[in-house]
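What follows is a single structure, written as structure tokens, with notes after it.
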Amino acid sequence: VLWNTEREKLTREYALKHYGTEQADIKPQAIILHWTAGSTWKSAYNHFYEPKRDDGSVNVSSQFLVDRDGTIYQLLPTDVMARHAIGYNWCSIGVENVGGVNGAEDLTEAQIRANVKLIRYLQKQYPDIHYVFGHYEQDAAHATGLYKEKVVGYHSSKVDPGSKFMQAVRAELEK
């Protein structure tokens with residue numbers, strides 16, 4: 001996606017407002033899995049591409065996008081902040097998976113394999129990554145001590161990427 005001076009500036013503004021630090025880079029300590037709620041990688045890519053949302057804030061994105069056939073696309077460097085999970089952007093790598101239209105738990109076996117491969121790779125690259133959780137697990141993940149949010153009431157409930165997918169990914173990671 002487009003990483004330019006505008007996106008970096010907006011990312012720093014977002015971080016200052018939400019985390020109290022003006023940062024655009026991260027030291028990854030967690031990986032958060034998502035679904036796009038869309039049916040194609042191109043639609044997700046186009047949604048994430050622009051630096052700015054209509055409200056003037058930094059656009060949502062993630063570092064990786066996994067297509068239904070398991071193809072992994074890197075959207076941003078792993079050490080820059082992407083806006084993908086409230087309270088965790090400052091320390092986490094986001095992995096979006098194409099699917100989940102209308103909340104359907106329809107992520108594929110190829111996506112499970114690709115996510116496991118990507119997670120193992122990232123954990124080797126960043127030994128401080130100790131947590132992998134689904135976006136819907138963001139409240140339970142507060143126990144990690146990584147959650148930060150300075151804006152009172154800024155919260156959302158999520159269902160992605162679905163418990164079935166997370167169970168399958170975790171089962172593979174344990175092998």
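For the structure tokens, the naming scheme is as follows: chains receive sequential letters (A, B, ...) according to their order of presentation, residues are indexed from 1 within each chain, and ligands are indexed from 1 in presentation order.
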Which residues are near Trp41 of chain A? Cut-off 9 Å, only C-alpha atoms, ignore same chain within fewer than 6 positions. Put them as a compact mmCIF listing (two decimals) with N, CA, C and O atoms, in the first residue's frame.
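Resulting contents of out_9.txt:
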```txt
# COMPACT_ATOMS: atom_id res chain seq x y z
N LEU A 65 -1.55 -9.62 3.58
CA LEU A 65 -2.85 -9.99 3.06
C LEU A 65 -2.71 -11.39 2.47
O LEU A 65 -1.79 -11.65 1.68
N VAL A 66 -3.60 -12.31 2.88
CA VAL A 66 -3.53 -13.69 2.39
C VAL A 66 -4.77 -13.97 1.56
O VAL A 66 -5.91 -13.88 2.05
N ASP A 67 -4.54 -14.33 0.29
CA ASP A 67 -5.64 -14.62 -0.62
C ASP A 67 -6.21 -16.01 -0.32
O ASP A 67 -5.61 -16.81 0.39
N ARG A 68 -7.34 -16.31 -0.91
CA ARG A 68 -8.04 -17.56 -0.64
C ARG A 68 -7.23 -18.78 -1.07
O ARG A 68 -7.37 -19.85 -0.50
N TYR A 73 0.58 -11.66 0.32
CA TYR A 73 1.02 -10.37 -0.19
C TYR A 73 1.50 -9.54 0.99
O TYR A 73 0.81 -9.44 2.00
N ASN A 97 -6.97 -11.88 5.98
CA ASN A 97 -7.30 -13.03 5.14
C ASN A 97 -8.55 -12.71 4.34
O ASN A 97 -9.56 -12.28 4.91
N VAL A 98 -8.50 -12.91 3.04
CA VAL A 98 -9.64 -12.63 2.18
C VAL A 98 -10.77 -13.60 2.51
O VAL A 98 -10.59 -14.81 2.49
```
Give one line per residue of segment 116-166 of chain A that approaches segment 101-108 of chain A to at most 10 Å, naming the two atoms of the closest pair and their distance in Å to one decimal, counting only C-alpha atoms; sort by chain then ascending residue number and deliver it as JSON lines.
```
{"residue": "A:Lys158", "atom": "CA", "partner": "A:Gly103", "partner_atom": "CA", "distance": 9.8}
{"residue": "A:Val159", "atom": "CA", "partner": "A:Gly103", "partner_atom": "CA", "distance": 7.3}
{"residue": "A:Asp160", "atom": "CA", "partner": "A:Gly103", "partner_atom": "CA", "distance": 7.6}
{"residue": "A:Pro161", "atom": "CA", "partner": "A:Glu105", "partner_atom": "CA", "distance": 7.3}
{"residue": "A:Gly162", "atom": "CA", "partner": "A:Glu105", "partner_atom": "CA", "distance": 5.8}
{"residue": "A:Ser163", "atom": "CA", "partner": "A:Glu105", "partner_atom": "CA", "distance": 8.2}
{"residue": "A:Lys164", "atom": "CA", "partner": "A:Glu105", "partner_atom": "CA", "distance": 7.2}
{"residue": "A:Phe165", "atom": "CA", "partner": "A:Leu107", "partner_atom": "CA", "distance": 6.8}
```
Using only C-alpha atoms, what does the table of segment 26-70 of chain A residues within 12 Å of segment 142-153 of chain A look like, with each row giving the shortest atom pair and its distance in Å to one decimal, sorted by chain and ascending number, as a Markdown table?
```
| residue | atom | partner | partner_atom | distance |
| --- | --- | --- | --- | --- |
| A:Lys27 | CA | A:Leu146 | CA | 11.8 |
| A:Pro28 | CA | A:Leu146 | CA | 10.8 |
| A:Gln29 | CA | A:Leu146 | CA | 8.3 |
| A:Ala30 | CA | A:Leu146 | CA | 8.6 |
| A:Ile31 | CA | A:Leu146 | CA | 11.7 |
```
Using DSSP assignments from the backbone, pull out every residue in segment 21-168 of chain A that falls under alpha helix (DSSP H) and give it to me as a PDB file with C-alpha atoms, in the first residue's frame.
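In the end it all went to result_33.pdb:
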```pdb
ATOM      1  CA  TRP A  41      -7.522  -9.609  -2.548  1.00  0.00           C
ATOM      2  CA  LYS A  42      -7.795  -6.721  -5.017  1.00  0.00           C
ATOM      3  CA  SER A  43     -10.777  -5.195  -3.206  1.00  0.00           C
ATOM      4  CA  ALA A  44      -8.908  -5.420   0.118  1.00  0.00           C
ATOM      5  CA  TYR A  45      -5.754  -3.973  -1.405  1.00  0.00           C
ATOM      6  CA  ASN A  46      -7.708  -1.092  -2.934  1.00  0.00           C
ATOM      7  CA  HIS A  47      -9.426  -0.439   0.406  1.00  0.00           C
ATOM      8  CA  PHE A  48      -6.088  -0.269   2.246  1.00  0.00           C
ATOM      9  CA  TYR A  49      -4.106   1.561  -0.445  1.00  0.00           C
ATOM     10  CA  GLU A 109      -7.288 -24.681   4.217  1.00  0.00           C
ATOM     11  CA  ALA A 110      -4.773 -22.893   1.975  1.00  0.00           C
ATOM     12  CA  GLN A 111      -5.132 -19.781   4.146  1.00  0.00           C
ATOM     13  CA  ILE A 112      -4.589 -21.844   7.304  1.00  0.00           C
ATOM     14  CA  ARG A 113      -1.363 -23.269   5.856  1.00  0.00           C
ATOM     15  CA  ALA A 114      -0.210 -19.839   4.636  1.00  0.00           C
ATOM     16  CA  ASN A 115      -0.900 -18.190   8.008  1.00  0.00           C
ATOM     17  CA  VAL A 116       1.003 -20.911   9.856  1.00  0.00           C
ATOM     18  CA  LYS A 117       3.955 -20.578   7.479  1.00  0.00           C
ATOM     19  CA  LEU A 118       3.917 -16.783   7.818  1.00  0.00           C
ATOM     20  CA  ILE A 119       3.610 -16.882  11.625  1.00  0.00           C
ATOM     21  CA  ARG A 120       6.550 -19.282  11.939  1.00  0.00           C
ATOM     22  CA  TYR A 121       8.628 -17.087   9.636  1.00  0.00           C
ATOM     23  CA  LEU A 122       7.774 -13.913  11.574  1.00  0.00           C
ATOM     24  CA  GLN A 123       8.506 -15.554  14.928  1.00  0.00           C
ATOM     25  CA  LYS A 124      11.980 -16.466  13.643  1.00  0.00           C
ATOM     26  CA  GLN A 125      12.526 -12.907  12.393  1.00  0.00           C
ATOM     27  CA  SER A 163     -12.999 -19.302  16.105  1.00  0.00           C
ATOM     28  CA  LYS A 164     -12.909 -22.224  13.642  1.00  0.00           C
ATOM     29  CA  PHE A 165     -10.003 -20.621  11.769  1.00  0.00           C
ATOM     30  CA  MET A 166      -8.118 -19.751  14.953  1.00  0.00           C
ATOM     31  CA  GLN A 167      -8.516 -23.288  16.308  1.00  0.00           C
ATOM     32  CA  ALA A 168      -7.140 -24.715  13.053  1.00  0.00           C
TER      33      ALA A 168
END
```
Take atom CA of Tyr154 of chain A and atom CA of Asn4 of chain A and report the distance between them in Å, one decimal.
26.5 Å
Taking the chain letters and numbering used in this document, name the residues of chain A that DSSP puts in strand (DSSP E), as a list in words.
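For chain A, the strand (DSSP E) set is Ala30, Ile31, Ile32, Leu33, His34, Trp35, Phe64, Leu65, Val66, Ile72, Tyr73, Gln74, Ser92, Ile93, Gly94, Val95, Glu96, Asn97, Tyr131, Val132, Phe133 and Gly134 of chain A.
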Just the selected residues (N, CA and C atoms), exported as an mmCIF file, in the first residue's frame, please.
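Below is the file that was written, result-v8.cif:
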```cif
data_model
loop_
_atom_site.group_PDB
_atom_site.id
_atom_site.type_symbol
_atom_site.label_atom_id
_atom_site.label_comp_id
_atom_site.auth_asym_id
_atom_site.auth_seq_id
_atom_site.Cartn_x
_atom_site.Cartn_y
_atom_site.Cartn_z
ATOM 1 N N ALA A 30 3.389 -9.239 18.796
ATOM 2 C CA ALA A 30 2.188 -10.039 18.588
ATOM 3 C C ALA A 30 1.837 -10.048 17.107
ATOM 4 N N ILE A 31 1.073 -11.069 16.744
ATOM 5 C CA ILE A 31 0.511 -11.167 15.398
ATOM 6 C C ILE A 31 -0.992 -11.291 15.585
ATOM 7 N N ILE A 32 -1.742 -10.481 14.843
ATOM 8 C CA ILE A 32 -3.195 -10.508 14.939
ATOM 9 C C ILE A 32 -3.756 -10.902 13.574
ATOM 10 N N LEU A 33 -4.570 -11.953 13.590
ATOM 11 C CA LEU A 33 -5.175 -12.462 12.363
ATOM 12 C C LEU A 33 -6.571 -11.868 12.191
ATOM 13 N N HIS A 34 -6.903 -11.544 10.949
ATOM 14 C CA HIS A 34 -8.161 -10.901 10.596
ATOM 15 C C HIS A 34 -8.762 -11.582 9.367
ATOM 16 N N TRP A 35 -10.000 -11.209 9.058
ATOM 17 C CA TRP A 35 -10.530 -11.456 7.723
ATOM 18 C C TRP A 35 -10.963 -10.113 7.147
ATOM 19 N N PHE A 64 0.241 -7.729 6.087
ATOM 20 C CA PHE A 64 0.091 -8.838 5.144
ATOM 21 C C PHE A 64 -1.366 -9.050 4.764
ATOM 22 N N LEU A 65 -1.547 -9.616 3.579
ATOM 23 C CA LEU A 65 -2.852 -9.991 3.056
ATOM 24 C C LEU A 65 -2.710 -11.393 2.471
ATOM 25 N N VAL A 66 -3.597 -12.310 2.881
ATOM 26 C CA VAL A 66 -3.534 -13.690 2.395
ATOM 27 C C VAL A 66 -4.774 -13.975 1.557
ATOM 28 N N ILE A 72 0.432 -15.056 -0.276
ATOM 29 C CA ILE A 72 0.696 -14.034 0.741
ATOM 30 C C ILE A 72 1.229 -12.787 0.053
ATOM 31 N N TYR A 73 0.579 -11.661 0.315
ATOM 32 C CA TYR A 73 1.025 -10.373 -0.189
ATOM 33 C C TYR A 73 1.504 -9.538 0.993
ATOM 34 N N GLN A 74 2.684 -8.948 0.865
ATOM 35 C CA GLN A 74 3.150 -8.029 1.894
ATOM 36 C C GLN A 74 2.735 -6.622 1.481
ATOM 37 N N SER A 92 2.066 -4.784 17.009
ATOM 38 C CA SER A 92 1.621 -6.019 16.364
ATOM 39 C C SER A 92 1.670 -5.951 14.846
ATOM 40 N N ILE A 93 1.820 -7.126 14.274
ATOM 41 C CA ILE A 93 1.757 -7.303 12.831
ATOM 42 C C ILE A 93 0.368 -7.832 12.507
ATOM 43 N N GLY A 94 -0.288 -7.207 11.553
ATOM 44 C CA GLY A 94 -1.617 -7.629 11.132
ATOM 45 C C GLY A 94 -1.551 -8.497 9.896
ATOM 46 N N VAL A 95 -2.368 -9.558 9.904
ATOM 47 C CA VAL A 95 -2.484 -10.453 8.760
ATOM 48 C C VAL A 95 -3.956 -10.535 8.388
ATOM 49 N N GLU A 96 -4.314 -9.955 7.262
ATOM 50 C CA GLU A 96 -5.687 -9.988 6.755
ATOM 51 C C GLU A 96 -5.850 -11.188 5.835
ATOM 52 N N ASN A 97 -6.968 -11.885 5.981
ATOM 53 C CA ASN A 97 -7.297 -13.031 5.144
ATOM 54 C C ASN A 97 -8.551 -12.713 4.344
ATOM 55 N N TYR A 131 2.827 -13.743 21.026
ATOM 56 C CA TYR A 131 1.373 -13.874 21.004
ATOM 57 C C TYR A 131 0.844 -13.896 19.577
ATOM 58 N N VAL A 132 -0.123 -14.774 19.364
ATOM 59 C CA VAL A 132 -0.881 -14.820 18.120
ATOM 60 C C VAL A 132 -2.339 -14.900 18.532
ATOM 61 N N PHE A 133 -3.136 -13.944 18.079
ATOM 62 C CA PHE A 133 -4.551 -14.013 18.406
ATOM 63 C C PHE A 133 -5.406 -13.472 17.271
ATOM 64 N N GLY A 134 -6.656 -13.870 17.297
ATOM 65 C CA GLY A 134 -7.614 -13.391 16.328
ATOM 66 C C GLY A 134 -8.153 -12.043 16.757
#
```
By how many Å are atom CA of Gly99 of chain A and atom CA of Gln63 of chain A apart?
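Straight-line distance from atom CA of Gly99 of chain A to atom CA of Gln63 of chain A works out to 17.0 Å.
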Close residues, segment 22-26 of chain A itself excluded, 10 Å, only C-alpha atoms, min 6 positions apart in chain, as number ranges by chain:
A: 7-16, 77-82, 89-93
Could you dump the residues just selected with N, CA and C atoms as an mmCIF file, in the first residue's frame?
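Okay, part.cif is ready:
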```cif
data_model
loop_
_atom_site.group_PDB
_atom_site.id
_atom_site.type_symbol
_atom_site.label_atom_id
_atom_site.label_comp_id
_atom_site.auth_asym_id
_atom_site.auth_seq_id
_atom_site.Cartn_x
_atom_site.Cartn_y
_atom_site.Cartn_z
ATOM 1 N N ARG A 7 1.149 9.247 4.908
ATOM 2 C CA ARG A 7 0.757 8.106 5.743
ATOM 3 C C ARG A 7 1.616 8.057 7.004
ATOM 4 N N GLU A 8 2.894 8.334 6.878
ATOM 5 C CA GLU A 8 3.758 8.341 8.056
ATOM 6 C C GLU A 8 3.320 9.424 9.046
ATOM 7 N N LYS A 9 3.021 10.611 8.552
ATOM 8 C CA LYS A 9 2.563 11.712 9.414
ATOM 9 C C LYS A 9 1.252 11.334 10.109
ATOM 10 N N LEU A 10 0.310 10.801 9.360
ATOM 11 C CA LEU A 10 -0.978 10.402 9.935
ATOM 12 C C LEU A 10 -0.819 9.265 10.942
ATOM 13 N N THR A 11 0.104 8.353 10.666
ATOM 14 C CA THR A 11 0.382 7.255 11.596
ATOM 15 C C THR A 11 0.941 7.802 12.899
ATOM 16 N N ARG A 12 1.862 8.742 12.800
ATOM 17 C CA ARG A 12 2.438 9.360 14.003
ATOM 18 C C ARG A 12 1.357 10.101 14.805
ATOM 19 N N GLU A 13 0.474 10.801 14.115
ATOM 20 C CA GLU A 13 -0.624 11.499 14.795
ATOM 21 C C GLU A 13 -1.548 10.501 15.500
ATOM 22 N N TYR A 14 -1.874 9.413 14.822
ATOM 23 C CA TYR A 14 -2.721 8.367 15.407
ATOM 24 C C TYR A 14 -2.061 7.786 16.660
ATOM 25 N N ALA A 15 -0.783 7.471 16.550
ATOM 26 C CA ALA A 15 -0.049 6.891 17.681
ATOM 27 C C ALA A 15 -0.001 7.846 18.864
ATOM 28 N N LEU A 16 0.219 9.111 18.600
ATOM 29 C CA LEU A 16 0.268 10.091 19.683
ATOM 30 C C LEU A 16 -1.087 10.164 20.388
ATOM 31 N N PRO A 77 6.028 -2.844 5.322
ATOM 32 C CA PRO A 77 7.141 -3.468 6.044
ATOM 33 C C PRO A 77 6.671 -3.948 7.423
ATOM 34 N N THR A 78 7.305 -4.972 7.922
ATOM 35 C CA THR A 78 6.899 -5.551 9.209
ATOM 36 C C THR A 78 7.245 -4.668 10.397
ATOM 37 N N ASP A 79 8.069 -3.661 10.183
ATOM 38 C CA ASP A 79 8.470 -2.810 11.306
ATOM 39 C C ASP A 79 7.825 -1.428 11.277
ATOM 40 N N VAL A 80 6.801 -1.245 10.432
ATOM 41 C CA VAL A 80 6.039 0.003 10.462
ATOM 42 C C VAL A 80 4.626 -0.283 10.952
ATOM 43 N N MET A 81 4.029 0.721 11.565
ATOM 44 C CA MET A 81 2.711 0.563 12.157
ATOM 45 C C MET A 81 1.624 0.565 11.090
ATOM 46 N N ALA A 82 0.728 -0.397 11.218
ATOM 47 C CA ALA A 82 -0.489 -0.442 10.412
ATOM 48 C C ALA A 82 -1.668 -0.324 11.369
ATOM 49 N N ASN A 89 -1.925 -1.771 17.629
ATOM 50 C CA ASN A 89 -1.187 -1.391 16.423
ATOM 51 C C ASN A 89 0.276 -1.066 16.723
ATOM 52 N N TRP A 90 0.541 -0.528 17.889
ATOM 53 C CA TRP A 90 1.883 -0.074 18.260
ATOM 54 C C TRP A 90 2.880 -1.231 18.396
ATOM 55 N N CYS A 91 2.386 -2.484 18.484
ATOM 56 C CA CYS A 91 3.289 -3.604 18.766
ATOM 57 C C CYS A 91 2.958 -4.873 17.989
ATOM 58 N N SER A 92 2.066 -4.784 17.009
ATOM 59 C CA SER A 92 1.621 -6.019 16.364
ATOM 60 C C SER A 92 1.670 -5.951 14.846
ATOM 61 N N ILE A 93 1.820 -7.126 14.274
ATOM 62 C CA ILE A 93 1.757 -7.303 12.831
ATOM 63 C C ILE A 93 0.368 -7.832 12.507
#
```
